[in-house]
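Undergrad: Mind looking over this structure? Questions follow.
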Amino acid sequence: MADQLTVDVSPVLGEAGATLELDSDVPLESITVGDTLAVFEVPPRIHVTLANAGEVILLSGTVQATARLDCSRCLEPFALALTGVIDAIVSQTDDAEQRGVDQEWYPLDGDTLDLLPAAEGALRVELPFAPVHDEECRGICPTCGCDLNRDSCTCEPVVESVPENPFSSLKDLLPPEGE
């Protein structure tokens, strides 16, 4: 697996208004968000435009992928289509004045830019922390491990005990209603 997705930005560096479009595979095999592992059987695809806006280059576009995930309820594998949005500033200097507080920013290394962090970040934002293959998924029985989407089990439902309200004794301090 490659560690970079390097693009030569020299065609847009010298002229304000110049643009460069890129459509390329992203060298990512997988990413992890929390406990969720997303595996890409086919490399994600990035579609971006770099536009010289004077002192900075504007980076905008999307990254698309199909991730193989495990359902957080029943553990069955499933495919999830992802489309991440890329909207960032590229600059040779780290000038906080040029970028907004919430603006993504990526540095140039001479005449090159590594797009891998932008692509990976855009996909991470789209990954659910607890992916489910279907909102109606019933999950697995916590007692016997039976997949409740396929079979029924005879286990008693797990009833979670509700702790007693710590303020319930205060109700005796109030006069009965109507007095």
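Just remember, in the structure tokens the first chain shown is A, the second B, etc., residues are 1-based per chain, and ligands are 1-based in the order shown.
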May I have all residues of stretch 51-131 of chain A that DSSP, computed from the backbone, assigns to strand (DSSP E), given as a ChimeraX atom specification?

TA: /A:51-52,57-70,77-91,104-107,112-114

Undergrad: Run DSSP on the backbone and tell me which residues of chain A come out as alpha helix (DSSP H); list them as a list in words.

TA: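 Across chain A, those assigned alpha helix (DSSP H) are Ser10, Pro11, Val12, Leu13, Leu116, Pro117, Ala118, Ala119, Glu120, Gly121, Ala122, Leu123, Arg124, Val125 and Glu126 of chain A.
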
Undergrad: Using only C-alpha atoms, which of A:Asp35, A:Glu41, A:Glu15, A:Asp87 sits nearest A:Leu115?

TA: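 Looking at the shortest contact to A:Leu115, the residue is A:Asp87.
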
Undergrad: Produce a table with one row for each residue of stretch 6-41 of chain A that has an atom at most 10 Å from any atom of stretch 61-77 of chain A, each row naming the nearest atom pair and its distance in Å at one decimal; use only C-alpha atoms; arrange rows by chain and rising residue number; format as a Markdown table.

TA:
```
| residue | atom | partner | partner_atom | distance |
| --- | --- | --- | --- | --- |
| A:Glu21 | CA | A:Gly61 | CA | 9.4 |
| A:Leu22 | CA | A:Gly61 | CA | 9.3 |
| A:Asp23 | CA | A:Val63 | CA | 9.5 |
| A:Ser24 | CA | A:Val63 | CA | 9.5 |
| A:Asp25 | CA | A:Val63 | CA | 9.3 |
| A:Val26 | CA | A:Val63 | CA | 8.5 |
| A:Leu28 | CA | A:Ala65 | CA | 10.0 |
| A:Glu29 | CA | A:Ala67 | CA | 9.6 |
| A:Ser30 | CA | A:Ala67 | CA | 8.2 |
| A:Ile31 | CA | A:Ala67 | CA | 9.4 |
| A:Asp35 | CA | A:Ser72 | CA | 9.6 |
| A:Thr36 | CA | A:Leu69 | CA | 7.4 |
| A:Leu37 | CA | A:Leu69 | CA | 6.5 |
| A:Ala38 | CA | A:Leu69 | CA | 5.3 |
| A:Val39 | CA | A:Arg68 | CA | 5.1 |
| A:Phe40 | CA | A:Ala67 | CA | 5.0 |
| A:Glu41 | CA | A:Ala67 | CA | 7.3 |
```

Undergrad: Write out as a list in words which residues come within 9 Å of stretch 103-112 of chain A when counting only C-alpha atoms, dropping same-chain ones fewer than 6 positions away.

TA: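 My list of contacting residues is Thr6, Val7, Asp8, Val9, Ser10, Leu13, Ile86, Asp87, Ala88, Ile89, Val90, Ser91, Gln92, Thr93, Asp94 and Ala118 of chain A.
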
Undergrad: Residues within 12 Å of A:Cys155, please, as a ChimeraX atom specification. Count only C-alpha atoms; anything in the same chain fewer than 2 positions from it doesn't count.

TA: /A:140-146,148,152-153,157-159

Undergrad: In Å, how far is it from atom CA of A:Pro131 to atom CA of A:Ala81?

TA: 12.0 Å

Undergrad: Between atom CA of A:Glu156 and atom CA of A:Glu135, measure the distance and give it in Å to one decimal.

TA: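 Between these atoms lies a distance of 23.6 Å.
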
Undergrad: Take atom CA of A:His133 and atom CA of A:His47 and report the distance between them in Å, one decimal.

TA: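 Spanning atom CA of A:His133 to atom CA of A:His47 is a straight-line distance of 27.2 Å.
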
Undergrad: Can you pull out every residue within 8 Å of A:Leu127, counting only C-alpha atoms, but drop anything in the same chain fewer than 4 positions away, and send it as a list in words?

TA: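 Listing them by chain and then by number gives Val33, Leu82, Leu123 and Pro131 of chain A.
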
Undergrad: Hey, which of A:Gly17, A:Pro175, A:Gly121, A:Pro128 ends up closest to A:Leu58? Count only C-alpha atoms.

TA: A:Gly17

Undergrad: Pick from A:Gly139, A:Pro176, A:Pro166, A:Pro117: nearest to A:Gln4, with only C-alpha atoms counted?

TA: A:Pro117

Undergrad: Identify which of the residues A:Val56, A:Ala16, A:Pro11, A:Thr32 lies closest to A:Phe129, counting only C-alpha atoms when measuring atom-to-atom distances.

TA: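 The closest residue to A:Phe129 is A:Thr32.
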